file my_file.cif (mmCIF, C-alpha atoms)
data_query
#
loop_
_atom_site.group_PDB
_atom_site.id
_atom_site.type_symbol
_atom_site.label_atom_id
_atom_site.label_comp_id
_atom_site.auth_asym_id
_atom_site.auth_seq_id
_atom_site.Cartn_x
_atom_site.Cartn_y
_atom_site.Cartn_z
ATOM 1 C CA MET A 247 58.459 32.708 -146.831
ATOM 2 C CA ASP A 248 57.685 30.610 -149.873
ATOM 3 C CA PRO A 249 54.162 30.290 -151.323
ATOM 4 C CA TYR A 250 53.643 26.791 -149.851
ATOM 5 C CA MET A 251 54.344 27.998 -146.328
ATOM 6 C CA THR A 252 52.170 31.090 -146.815
ATOM 7 C CA LYS A 253 49.264 28.959 -148.058
ATOM 8 C CA THR A 254 49.694 26.454 -145.246
ATOM 9 C CA GLU A 255 49.865 29.206 -142.648
ATOM 10 C CA GLY A 256 46.590 30.567 -144.011
ATOM 11 C CA LEU A 257 45.036 27.108 -143.737
ATOM 12 C CA LEU A 258 46.232 26.902 -140.140
ATOM 13 C CA ARG A 259 44.565 30.227 -139.339
ATOM 14 C CA GLN A 260 41.333 29.032 -140.948
ATOM 15 C CA GLY A 261 41.576 25.733 -139.084
ATOM 16 C CA ARG A 262 42.100 27.526 -135.767
ATOM 17 C CA ALA A 263 39.066 29.721 -136.461
ATOM 18 C CA LYS A 264 36.981 26.660 -137.343
ATOM 19 C CA LEU A 265 38.159 24.896 -134.179
ATOM 20 C CA ASP A 266 37.335 27.956 -132.065
ATOM 21 C CA GLY A 267 33.829 28.046 -133.543
ATOM 22 C CA LEU A 268 33.332 24.362 -132.829
ATOM 23 C CA SER A 269 34.596 24.899 -129.308
ATOM 24 C CA VAL A 270 31.990 27.568 -128.605
ATOM 25 C CA ARG A 271 29.183 25.395 -129.946
ATOM 26 C CA MET A 272 30.379 22.254 -128.177
ATOM 27 C CA ARG A 273 30.721 23.995 -124.803
ATOM 28 C CA ALA A 274 27.112 25.210 -124.885
ATOM 29 C CA ALA A 275 24.730 23.974 -122.214
ATOM 30 C CA ALA A 276 23.683 20.343 -122.693
ATOM 31 C CA PRO A 277 22.764 17.295 -120.646
ATOM 32 C CA ALA A 278 25.685 15.903 -118.626
ATOM 33 C CA PHE A 279 26.181 12.808 -120.811
ATOM 34 C CA SER A 280 26.093 14.815 -124.024
ATOM 35 C CA ALA A 281 28.469 17.417 -122.602
ATOM 36 C CA LEU A 282 30.995 14.734 -121.676
ATOM 37 C CA VAL A 283 30.904 13.195 -125.145
ATOM 38 C CA ARG A 284 31.247 16.594 -126.798
ATOM 39 C CA ARG A 285 34.149 17.507 -124.505
ATOM 40 C CA ARG A 286 36.004 14.322 -125.462
ATOM 41 C CA LYS A 287 35.383 15.023 -129.129
ATOM 42 C CA LEU A 288 36.619 18.595 -128.739
ATOM 43 C CA MET A 289 39.769 17.362 -127.000
ATOM 44 C CA SER A 290 40.373 15.004 -129.937
ATOM 45 C CA PHE A 291 39.962 17.886 -132.398
ATOM 46 C CA GLU A 292 42.372 20.037 -130.393
ATOM 47 C CA ALA A 293 44.940 17.227 -130.305
ATOM 48 C CA ARG A 294 44.722 16.831 -134.085
ATOM 49 C CA PHE A 295 45.204 20.571 -134.560
ATOM 50 C CA ALA A 296 48.168 20.575 -132.166
ATOM 51 C CA GLU A 297 49.774 17.834 -134.267
ATOM 52 C CA VAL A 298 49.273 19.878 -137.446
ATOM 53 C CA ARG A 299 50.724 22.955 -135.763
ATOM 54 C CA ARG A 300 53.717 20.959 -134.448
ATOM 55 C CA ARG A 301 54.474 19.579 -137.908
ATOM 56 C CA PHE A 302 54.190 23.055 -139.422
ATOM 57 C CA GLU A 303 56.700 24.411 -136.915
ATOM 58 C CA LEU A 304 59.064 21.510 -137.653
ATOM 59 C CA LEU A 305 58.876 22.326 -141.350
ATOM 60 C CA ARG A 306 59.404 26.025 -140.698
ATOM 61 C CA ALA A 307 62.502 25.320 -138.602
ATOM 62 C CA ALA A 308 63.937 22.698 -140.981
ATOM 63 C CA GLY A 309 66.881 23.424 -143.159
ATOM 64 C CA THR A 310 67.064 21.709 -146.524
ATOM 65 C CA GLU A 311 67.289 18.116 -145.341
ATOM 66 C CA GLY A 312 64.146 16.067 -144.935
ATOM 67 C CA VAL A 313 61.825 18.814 -146.166
ATOM 68 C CA ALA A 314 59.906 16.437 -148.443
ATOM 69 C CA ASP A 315 59.209 14.039 -145.571
ATOM 70 C CA LEU A 316 58.130 16.909 -143.329
ATOM 71 C CA LYS A 317 55.768 18.220 -146.015
ATOM 72 C CA VAL A 318 54.208 14.793 -146.467
ATOM 73 C CA GLY A 319 53.749 14.432 -142.706
ATOM 74 C CA LEU A 320 52.200 17.891 -142.504
ATOM 75 C CA GLU A 321 49.818 17.177 -145.383
ATOM 76 C CA LYS A 322 48.693 13.902 -143.797
ATOM 77 C CA ALA A 323 48.140 15.549 -140.412
ATOM 78 C CA LEU A 324 46.209 18.411 -142.023
ATOM 79 C CA ASP A 325 44.052 15.985 -144.016
ATOM 80 C CA ALA A 326 43.299 13.972 -140.864
ATOM 81 C CA PHE A 327 42.317 17.156 -139.005
ATOM 82 C CA GLN A 328 40.131 18.371 -141.850
ATOM 83 C CA SER A 329 38.338 15.055 -142.230
ATOM 84 C CA GLU A 330 37.791 14.663 -138.490
ATOM 85 C CA ILE A 331 36.112 18.042 -138.088
ATOM 86 C CA GLY A 332 34.358 17.851 -141.473
ATOM 87 C CA TRP A 333 36.084 20.898 -142.926
ATOM 88 C CA LYS A 334 36.725 21.371 -146.635
ATOM 89 C CA PRO A 335 38.671 24.590 -147.277
#
call {"tool": "encode", "arguments": {"input": "my_file.cif", "output": "structure tokens"}}
result
Amino acid sequence: MDPYMTKTEGLLRQGRAKLDGLSVRMRAAAPAFSALVRRRKLMSFEARFAEVRRRFELLRAAGTEGVADLKVGLEKALDAFQSEIGWKP
């Protein structure tokens, strides 16, 4: 695996750990209204992470064609995920 993929895979592991930590905190006991809002927010975070993971897998499976476009898409998805959860690696 090349250094870019290794670095990105590490970022994905860190992102998953961050998301898991947020999940634990957001699922804690709270008033019903607050719990519903936090659950929706958590679902949004999980959807963003799933998009990043999907793009990473597309890049991993790609041959030599379209790699630049896949990298750009992955970077944008990762940036959106990081900004949404407030994570700066």
call {"tool": "closest_residue", "arguments": {"input": "my_file.cif", "among": "A:Lys317, A:Lys322, A:Arg301, A:Arg294", "to": "Leu265 of chain A", "atoms": "all atoms listed in the file"}}
result
A:Arg294
call {"tool": "atom_distance", "arguments": {"input": "my_file.cif", "atom1": "atom CA of Lys334 of chain A", "atom2": "atom CA of Phe291 of chain A"}}
result
15.0 Å
call {"tool": "residues_around", "arguments": {"input": "my_file.cif", "residues": "segment 326-331 of chain A", "least_positions_apart": "3", "cutoff": "12 Å", "atoms": "all atoms listed in the file", "output": "ChimeraX atom specification"}}
result
/A:257-258,260-262,264-269,287-299,319-323,334-335
call {"tool": "resolve_selection", "arguments": {"input": "my_file.cif", "expression": "the PyMOL selection byres ((chain A and resi 305) around 12)", "output": "list in words"}}
result
Met247, Asp248, Tyr250, Met251, Thr254, Glu255, Val298, Arg299, Arg300, Arg301, Phe302, Glu303, Leu304, Arg306, Ala307, Ala308, Gly309, Thr310, Glu311, Gly312, Val313, Ala314, Asp315, Leu316, Lys317, Val318, Gly319, Leu320 and Glu321 of chain A
call {"tool": "atom_distance", "arguments": {"input": "my_file.cif", "atom1": "atom CA of Met272 of chain A", "atom2": "atom CA of Trp333 of chain A"}}
result
15.9 Å
call {"tool": "atom_distance", "arguments": {"input": "my_file.cif", "atom1": "atom CA of Arg259 of chain A", "atom2": "atom CA of Ser280 of chain A"}}
result
28.5 Å
call {"tool": "decode", "arguments": {"input": "my_file.cif", "residues": "segment 269-291 of chain A", "atoms": "C-alpha atoms", "output": "PDB file, in the first residue's frame"}}
result
ATOM      1  CA  SER A 269     -21.763   7.837  20.061  1.00  0.00           C
ATOM      2  CA  VAL A 270     -21.247   6.836  23.686  1.00  0.00           C
ATOM      3  CA  ARG A 271     -21.629  10.416  24.886  1.00  0.00           C
ATOM      4  CA  MET A 272     -24.639  11.139  22.685  1.00  0.00           C
ATOM      5  CA  ARG A 273     -26.492   7.989  23.768  1.00  0.00           C
ATOM      6  CA  ALA A 274     -26.218   8.904  27.456  1.00  0.00           C
ATOM      7  CA  ALA A 275     -29.405   9.530  29.401  1.00  0.00           C
ATOM      8  CA  ALA A 276     -31.071  12.845  28.540  1.00  0.00           C
ATOM      9  CA  PRO A 277     -34.522  14.373  28.266  1.00  0.00           C
ATOM     10  CA  ALA A 278     -36.597  12.903  25.422  1.00  0.00           C
ATOM     11  CA  PHE A 279     -36.358  15.989  23.180  1.00  0.00           C
ATOM     12  CA  SER A 280     -32.610  16.287  23.648  1.00  0.00           C
ATOM     13  CA  ALA A 281     -32.119  12.569  23.036  1.00  0.00           C
ATOM     14  CA  LEU A 282     -34.015  12.770  19.749  1.00  0.00           C
ATOM     15  CA  VAL A 283     -31.945  15.707  18.525  1.00  0.00           C
ATOM     16  CA  ARG A 284     -28.705  14.002  19.530  1.00  0.00           C
ATOM     17  CA  ARG A 285     -29.781  10.771  17.821  1.00  0.00           C
ATOM     18  CA  ARG A 286     -30.451  12.629  14.565  1.00  0.00           C
ATOM     19  CA  LYS A 287     -27.085  14.341  14.811  1.00  0.00           C
ATOM     20  CA  LEU A 288     -25.354  11.023  15.466  1.00  0.00           C
ATOM     21  CA  MET A 289     -27.079   9.477  12.448  1.00  0.00           C
ATOM     22  CA  SER A 290     -25.805  12.381  10.330  1.00  0.00           C
ATOM     23  CA  PHE A 291     -22.259  11.825  11.612  1.00  0.00           C
TER      24      PHE A 291
END
